[in-house]
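Heads up: the structure comes next, in structure tokens.
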Amino acid sequence: MVDLSKSAWYAPPLDWTVRDAELIAALARLVEQKPTRGFGKCCQLLEKTHPHWNPKRIYRVYCAMKLNLRRAAKRRLPKRERVPLYVPEHPDTVWSADFMLDALACGRSFRTFNITDDFNREIIHIEVDTSITSQRLVRIFERIRQERPLPQVLRTDNGPEFLGEVFVEWAKQAGMAIQYIQPGKPNQNAYIERFNRTYREEVLDQYLFARLDDVREATWRFLIDYNEHRPHDALGGMTPAEFRNHHEARSSTFELSA
């Protein structure tokens, strides 16, 4: 009546740990490498390497392994008009920069100076040291200028390093305009603030560092993974490197057709 074969009826059910063993192993490797990575990122990475795996199946196994992270409850805020942050149409147009503070295992504080490209969320550079002054910023950007062009605009907060006369005068001579956000308005520099959260969760909060060289090594590995392997929802699931290559290929095709 139901067209069900006897073999299917009498076949013992296969345990999900056996049926999905390959998927379980793949998820375990991803989570072991990046414990803070949620289901969305894991699913995007697995779909690239195993396109035949259905997202619903991945989610079922993900929940069965109790890997789903707890979401923070949304705070009730008064309604306000949201203004989208400007997204440049070309690379090296607008960069965002910011400082972060952390400490070694011995309690000694250190700072990181982070620079990202707003066009494709690419990490341009992360400097790690105990002290980073305005003069140090000039040396950092001079080093970057040897490898790639400087941006037209650098978006920063009102920190003393960015307001220092040495850095301001150098930026003016280099043709790089400094766009300062309003005090107490970190949302005006949202791209770098969002990156800072990822950097803290996946590097600074994941390890207990004994030396600055350990921080620099972990940061370098994170930089390569972030730029070349980590997909971004805002980039259509592409990595920053893929998005930049796609833009350059599209621009070349448009120039040839023109």
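If you're wondering about the labels, chains in the structure tokens are A, B, ... by order shown, residues count from 1 in each chain, ligands from 1 in order shown.
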Test item: residues at most 10 Å from stretch 122-124 of chain A, only C-alpha atoms, excluding those fewer than 3 positions along its chain, as a PyMOL selection string:
chain A and resi 91-92+95-97+114-119+144+148+192+195+222-224+226-228+239-241+243-244
Keeping only N, CA and C atoms, write those residues as a compact mmCIF listing (two decimals), in the first residue's frame.
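Result went into selection-v8.txt, see below:
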# COMPACT_ATOMS: atom_id res chain seq x y z
N PRO A 91 39.31 50.00 -4.04
CA PRO A 91 40.25 49.75 -2.94
C PRO A 91 41.17 50.94 -2.71
N ASP A 92 41.72 51.00 -1.50
CA ASP A 92 42.68 52.05 -1.12
C ASP A 92 42.08 53.44 -1.26
N TRP A 95 40.60 54.05 4.39
CA TRP A 95 41.09 53.10 5.39
C TRP A 95 40.58 53.53 6.76
N SER A 96 40.41 52.56 7.65
CA SER A 96 40.04 52.84 9.04
C SER A 96 41.17 52.36 9.94
N ALA A 97 41.44 53.11 11.00
CA ALA A 97 42.52 52.77 11.92
C ALA A 97 42.06 52.96 13.36
N ASN A 114 45.66 48.84 14.47
CA ASN A 114 45.02 48.08 13.40
C ASN A 114 44.59 49.01 12.27
N ILE A 115 44.84 48.56 11.02
CA ILE A 115 44.43 49.32 9.84
C ILE A 115 43.69 48.36 8.91
N THR A 116 42.49 48.77 8.46
CA THR A 116 41.72 47.96 7.52
C THR A 116 41.27 48.83 6.34
N ASP A 117 41.03 48.17 5.22
CA ASP A 117 40.49 48.84 4.03
C ASP A 117 38.97 48.68 4.04
N ASP A 118 38.24 49.80 4.06
CA ASP A 118 36.79 49.74 4.13
C ASP A 118 36.17 49.12 2.89
N PHE A 119 36.89 49.11 1.77
CA PHE A 119 36.34 48.59 0.53
C PHE A 119 36.06 47.09 0.62
N ILE A 144 54.28 50.96 4.76
CA ILE A 144 53.17 50.47 3.95
C ILE A 144 53.22 51.08 2.55
N ARG A 148 52.20 49.48 -1.27
CA ARG A 148 50.92 49.79 -1.87
C ARG A 148 50.63 51.27 -1.68
N ILE A 192 36.16 49.25 11.53
CA ILE A 192 37.31 48.86 12.34
C ILE A 192 36.85 48.37 13.72
N PHE A 195 35.91 44.81 13.29
CA PHE A 195 37.11 43.98 13.17
C PHE A 195 37.79 43.80 14.52
N PHE A 222 46.70 35.01 12.05
CA PHE A 222 45.31 35.47 11.98
C PHE A 222 45.10 36.37 10.77
N LEU A 223 46.06 37.24 10.48
CA LEU A 223 45.95 38.16 9.33
C LEU A 223 45.83 37.39 8.02
N ILE A 224 46.66 36.38 7.85
CA ILE A 224 46.61 35.57 6.62
C ILE A 224 45.27 34.86 6.50
N TYR A 226 42.40 35.69 7.91
CA TYR A 226 41.31 36.66 7.77
C TYR A 226 41.23 37.18 6.33
N ASN A 227 42.37 37.47 5.73
CA ASN A 227 42.37 38.05 4.39
C ASN A 227 42.15 37.03 3.28
N GLU A 228 42.59 35.80 3.47
CA GLU A 228 42.61 34.84 2.37
C GLU A 228 41.66 33.66 2.54
N THR A 239 36.18 36.07 0.43
CA THR A 239 37.20 36.58 1.31
C THR A 239 37.64 37.96 0.81
N PRO A 240 38.31 38.77 1.65
CA PRO A 240 38.80 40.07 1.17
C PRO A 240 39.69 39.96 -0.07
N ALA A 241 40.56 38.94 -0.11
CA ALA A 241 41.43 38.77 -1.27
C ALA A 241 40.61 38.42 -2.52
N PHE A 243 37.47 39.16 -3.08
CA PHE A 243 36.66 40.31 -3.46
C PHE A 243 37.50 41.34 -4.22
N ARG A 244 38.72 41.56 -3.78
CA ARG A 244 39.61 42.51 -4.46
C ARG A 244 39.96 42.00 -5.86
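Among the candidates A:Arg108, A:Lys6, A:Lys48, A:Lys34, the one nearest to A:Glu202 when counting only C-alpha atoms is A:Lys34.
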Which residues are close to A:Val203, i.e. within 8 Å by only C-alpha atoms, leaving aside same-chain residues fewer than 4 positions away? Reply as number ranges by chain.
A: 199, 207, 218-219, 222
Best match for closeness to A:Arg211 among A:Tyr86, A:Trp16, A:Trp9, A:Phe110, counting only C-alpha atoms
A:Phe110
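Among the candidate residues A:Glu161, A:Glu142, A:Glu22, A:Asp98, the one lying nearest to A:Ile126 is A:Asp98, with distances computed using only C-alpha atoms.
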Would you compute the distance between atom CA of A:Asn187 and atom CA of A:Gly236? Give it in Å to one decimal.
22.4 Å
Just to confirm, what's the straight-line distance from atom CA of A:Ile58 to atom CA of A:Asp3 in Å (one decimal)?
29.6 Å
So which bits of stretch 25-122 of chain A end up alpha helix (DSSP H) when you DSSP the backbone, as an MDAnalysis selection string?
chainID A and resid 25:33 39:49 55:64
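Between atom CA of A:Ser251 and atom CA of A:Tyr191 the separation is 24.4 Å.
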